[in-house]
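K.L.:
Below: one structure in structure tokens.
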Amino acid sequence: MKKNLPLIISSLLVLMLVVMALFAPWLAPHDPYTTDIANKLQGFSVHYPLGTDHLGRCVLSRLLYGTRTSLLLASGVLFITLIISIIVGCLAGYIGGLVDLVLMRICDVLLSIPDFIFALVIVGALGGGIKNMFVAICFVSWVGFARIIRNMVRSLKESTYVQYARLTGVPKRKIIRRHILPFVFPQIFLLKLIGLGSTILLISELSFLGLGVTAPMAEWGMMINDSKTYLMSEPTLMFIPGIMISLTVLIFNWFGDALRTAMDAKV
């Protein structure tokens, strides 16, 4: 890692986002939910470093709390979909046969629909709200990774040490846990980490449409939605959270690419 400058810089940037999320209550100069109509649409100042929105709420404070909301939701999606992907991929790859056929055909159908459209349909059916949005994103985010795991497990199943374990009577569950998962998990976790930026972007998209995070909770996509009426008079209200979304996605993509490069070099 000492010789990998991109990994060092991207790691520091990810750490900065995590610090912003964890210490938002202490870093925020104001309560992000307190309205002050008398000070609405204020410009940049010492008291309000990034100004105020249409309800007089501090934009910087809401931006910091939005970091917490986005990272918390994205991390939850990563954890849930990682478990689902591993279970489905291992079942399909190791057992094979009819189980593999059925699970992969389900994946094919789900992969034929764009993630955003599919999530939009699910949220539309379940209703808006942060819980339904979370369920929808989890539902659309496991499919591609399950197929990757399935292919990896099928390859590992034919390796010599796994064949030896099977011949000596080691149970399938133990073979998967001790001889396959240790090789699969680091690689799939890295892929999920790279996809974390896309998950944050999907959260913002659904919230912008009013189908995700709802008021008064602070979230970047919802901040853009709230300020679209003032695009001509106060464009910074939309640009600031938009820039934050873009930078966050770039940081996680850069971090994932740098980490993958470092792991490939190590191998």
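Convention: chains lettered A, B, ... in structure tokens order; per-chain residue numbering from 1; ligands numbered from 1 as shown.
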Would you pick out the contacts of Val162 in chain A at 12 Å or less, using only C-alpha atoms, so that residues sharing its chain but fewer than 6 positions from it are not included, and give the list as a list in words?
P.N.:
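Neighbouring residues, sequence-local ones excluded: Tyr94, Val153, Arg154, Ser155, Leu156, Thr168, Gly169, Val170, Pro171, Lys172, Lys174, Ile175, Ile176, Arg177, Arg178, His179, Ile180 and Leu181 of chain A.
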K.L.:
Residues within 9 Å of Val184 in chain A, please, as a PyMOL selection string. Count only C-alpha atoms; anything in the same chain fewer than 5 positions from it doesn't count.
P.N.:
chain A and resi 86+149+152-153+189
K.L.:
Given the selection you just returned, output its residues as a file containing N, CA and C atoms, formatted as an mmCIF file, in the first residue's frame.
P.N.:
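Resulting contents of part_33.cif:
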data_model
loop_
_atom_site.group_PDB
_atom_site.id
_atom_site.type_symbol
_atom_site.label_atom_id
_atom_site.label_comp_id
_atom_site.auth_asym_id
_atom_site.auth_seq_id
_atom_site.Cartn_x
_atom_site.Cartn_y
_atom_site.Cartn_z
ATOM 1 N N ILE A 86 -24.097 -14.648 -2.019
ATOM 2 C CA ILE A 86 -23.274 -15.797 -1.648
ATOM 3 C C ILE A 86 -24.127 -17.057 -1.529
ATOM 4 N N ILE A 149 -20.528 -15.284 -8.511
ATOM 5 C CA ILE A 149 -20.159 -16.261 -7.481
ATOM 6 C C ILE A 149 -20.397 -17.680 -7.982
ATOM 7 N N MET A 152 -17.581 -18.701 -10.140
ATOM 8 C CA MET A 152 -16.382 -18.926 -9.356
ATOM 9 C C MET A 152 -16.460 -20.255 -8.606
ATOM 10 N N VAL A 153 -17.624 -20.547 -8.031
ATOM 11 C CA VAL A 153 -17.791 -21.795 -7.271
ATOM 12 C C VAL A 153 -17.681 -23.003 -8.196
ATOM 13 N N PHE A 189 -16.494 -9.305 -2.307
ATOM 14 C CA PHE A 189 -16.592 -8.116 -1.451
ATOM 15 C C PHE A 189 -15.972 -6.914 -2.147
#
K.L.:
At a cut-off of 9 Å, using only C-alpha atoms, what residues contact range 248-250 of chain A? Leave out same-chain residues fewer than 6 positions from it and give the result as a PyMOL selection string.
P.N.:
chain A and resi 13-14+17+196-201
K.L.:
Could you pull the residues within 12 Å of Asn225 in chain A, counting only C-alpha atoms, minus those fewer than 2 positions along the same chain, as a ChimeraX atom specification?
P.N.:
/A:53-54,204-215,218-223,227-231,237-239,241-242
K.L.:
With N, CA, C and O atoms kept, could you save the residues just selected as a CSV table (one decimal), in the first residue's frame?
P.N.:
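Saved the output as out22.csv:
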chain,number,residue,atom,x,y,z
A,53,ASP,N,-31.6,26.8,2.6
A,53,ASP,CA,-32.5,26.4,1.6
A,53,ASP,C,-33.8,27.2,1.7
A,53,ASP,O,-33.9,28.3,2.4
A,54,HIS,N,-34.8,26.8,1.0
A,54,HIS,CA,-36.1,27.5,1.0
A,54,HIS,C,-36.8,27.6,2.3
A,54,HIS,O,-37.8,28.3,2.5
A,204,SER,N,-30.1,8.1,-4.4
A,204,SER,CA,-30.3,9.5,-4.7
A,204,SER,C,-31.4,9.7,-5.8
A,204,SER,O,-32.2,10.6,-5.7
A,205,GLU,N,-31.3,8.8,-6.8
A,205,GLU,CA,-32.3,8.9,-7.9
A,205,GLU,C,-33.7,8.7,-7.4
A,205,GLU,O,-34.6,9.4,-7.8
A,206,LEU,N,-33.9,7.7,-6.6
A,206,LEU,CA,-35.2,7.4,-6.1
A,206,LEU,C,-35.7,8.4,-5.1
A,206,LEU,O,-36.9,8.8,-5.1
A,207,SER,N,-34.8,9.0,-4.3
A,207,SER,CA,-35.2,10.0,-3.4
A,207,SER,C,-35.5,11.3,-4.2
A,207,SER,O,-36.4,12.1,-3.8
A,208,PHE,N,-34.8,11.6,-5.3
A,208,PHE,CA,-35.1,12.7,-6.1
A,208,PHE,C,-36.5,12.7,-6.7
A,208,PHE,O,-37.2,13.7,-6.8
A,209,LEU,N,-37.0,11.4,-7.0
A,209,LEU,CA,-38.3,11.2,-7.5
A,209,LEU,C,-39.4,11.2,-6.4
A,209,LEU,O,-40.6,11.0,-6.8
A,210,GLY,N,-39.0,11.3,-5.2
A,210,GLY,CA,-39.9,11.3,-4.1
A,210,GLY,C,-40.4,9.9,-3.7
A,210,GLY,O,-41.4,9.8,-3.0
A,211,LEU,N,-39.6,8.9,-4.1
A,211,LEU,CA,-39.9,7.5,-3.7
A,211,LEU,C,-39.0,6.9,-2.7
A,211,LEU,O,-39.1,5.7,-2.4
A,212,GLY,N,-38.1,7.6,-2.2
A,212,GLY,CA,-37.1,7.1,-1.2
A,212,GLY,C,-37.2,7.8,0.1
A,212,GLY,O,-38.2,7.8,0.8
A,213,VAL,N,-36.1,8.5,0.5
A,213,VAL,CA,-36.1,9.2,1.7
A,213,VAL,C,-37.1,10.4,1.7
A,213,VAL,O,-37.2,11.1,0.7
A,214,THR,N,-37.8,10.5,2.7
A,214,THR,CA,-38.8,11.5,2.8
A,214,THR,C,-38.5,12.6,3.8
A,214,THR,O,-37.7,12.3,4.7
A,215,ALA,N,-39.1,13.8,3.7
A,215,ALA,CA,-38.9,14.9,4.6
A,215,ALA,C,-39.3,14.5,6.0
A,215,ALA,O,-40.2,13.7,6.2
A,218,ALA,N,-32.6,14.3,6.0
A,218,ALA,CA,-31.6,14.9,5.0
A,218,ALA,C,-31.0,13.8,4.1
A,218,ALA,O,-30.6,12.8,4.6
A,219,GLU,N,-31.1,14.0,2.8
A,219,GLU,CA,-30.5,13.1,1.8
A,219,GLU,C,-30.3,13.9,0.6
A,219,GLU,O,-31.0,14.8,0.2
A,220,TRP,N,-29.2,13.6,-0.2
A,220,TRP,CA,-28.7,14.4,-1.3
A,220,TRP,C,-29.7,14.5,-2.4
A,220,TRP,O,-30.0,15.6,-2.9
A,221,GLY,N,-30.3,13.4,-2.8
A,221,GLY,CA,-31.3,13.4,-3.9
A,221,GLY,C,-32.5,14.2,-3.5
A,221,GLY,O,-33.1,14.9,-4.4
A,222,MET,N,-33.0,14.1,-2.3
A,222,MET,CA,-34.1,14.8,-1.8
A,222,MET,C,-33.8,16.3,-1.8
A,222,MET,O,-34.7,17.1,-2.0
A,223,MET,N,-32.6,16.7,-1.4
A,223,MET,CA,-32.2,18.1,-1.4
A,223,MET,C,-32.3,18.7,-2.8
A,223,MET,O,-32.7,19.8,-3.0
A,227,SER,N,-35.0,21.7,-4.1
A,227,SER,CA,-34.5,22.9,-4.6
A,227,SER,C,-34.7,23.1,-6.1
A,227,SER,O,-34.2,24.2,-6.7
A,228,LYS,N,-35.3,22.2,-6.8
A,228,LYS,CA,-35.4,22.3,-8.3
A,228,LYS,C,-36.3,23.5,-8.7
A,228,LYS,O,-36.1,24.1,-9.7
A,229,THR,N,-37.2,23.9,-7.8
A,229,THR,CA,-38.0,25.1,-8.0
A,229,THR,C,-37.2,26.4,-8.1
A,229,THR,O,-37.5,27.3,-8.8
A,230,TYR,N,-36.0,26.4,-7.4
A,230,TYR,CA,-35.2,27.6,-7.3
A,230,TYR,C,-34.0,27.5,-8.2
A,230,TYR,O,-32.9,28.1,-7.9
A,231,LEU,N,-34.1,26.7,-9.3
A,231,LEU,CA,-32.9,26.4,-10.2
A,231,LEU,C,-32.4,27.7,-10.8
A,231,LEU,O,-31.2,28.0,-10.8
A,237,LEU,N,-28.3,25.6,-4.8
A,237,LEU,CA,-29.0,24.7,-3.9
A,237,LEU,C,-29.1,23.3,-4.6
A,237,LEU,O,-29.1,22.3,-3.9
A,238,MET,N,-29.1,23.3,-5.9
A,238,MET,CA,-29.1,22.0,-6.6
A,238,MET,C,-27.7,21.5,-6.9
A,238,MET,O,-27.4,20.3,-6.8
A,239,PHE,N,-26.8,22.4,-7.2
A,239,PHE,CA,-25.5,22.1,-7.6
A,239,PHE,C,-24.7,21.4,-6.5
A,239,PHE,O,-23.9,20.5,-6.7
A,241,PRO,N,-25.5,19.6,-3.6
A,241,PRO,CA,-25.7,18.1,-3.4
A,241,PRO,C,-25.4,17.3,-4.6
A,241,PRO,O,-25.0,16.2,-4.5
A,242,GLY,N,-25.6,17.9,-5.8
A,242,GLY,CA,-25.3,17.1,-7.0
A,242,GLY,C,-23.8,16.9,-7.2
A,242,GLY,O,-23.4,15.8,-7.5
K.L.:
Which residues are near range 254-257 of chain A? Cut-off 8 Å, only C-alpha atoms, ignore same chain within fewer than 2 positions. Put them as a list in words.
P.N.:
Pro6, Leu7, Ser10, Ser11, Val14, Leu190, Leu191, Leu193, Ile194, Leu250, Ile251, Phe252, Leu259, Arg260 and Thr261 of chain A
K.L.:
Include C-alpha atoms and write out the residues we just selected as a compact mmCIF listing (two decimals), in the first residue's frame.
P.N.:
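Saved the output as result-v3.txt:
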# COMPACT_ATOMS: atom_id res chain seq x y z
CA PRO A 6 -3.91 6.16 -5.76
CA LEU A 7 -4.92 3.66 -3.08
CA SER A 10 -8.64 7.23 -2.30
CA SER A 11 -8.52 5.52 1.11
CA VAL A 14 -13.24 7.33 1.82
CA LEU A 190 -14.24 -6.06 -3.60
CA LEU A 191 -16.76 -6.05 -6.45
CA LEU A 193 -17.30 -2.24 -2.73
CA ILE A 194 -16.75 -0.93 -6.24
CA LEU A 250 -16.04 8.88 -8.10
CA ILE A 251 -14.26 8.36 -4.78
CA PHE A 252 -15.70 4.86 -4.25
CA LEU A 259 -7.75 -1.71 -4.31
CA ARG A 260 -8.33 -4.19 -7.15
CA THR A 261 -5.08 -3.13 -8.78
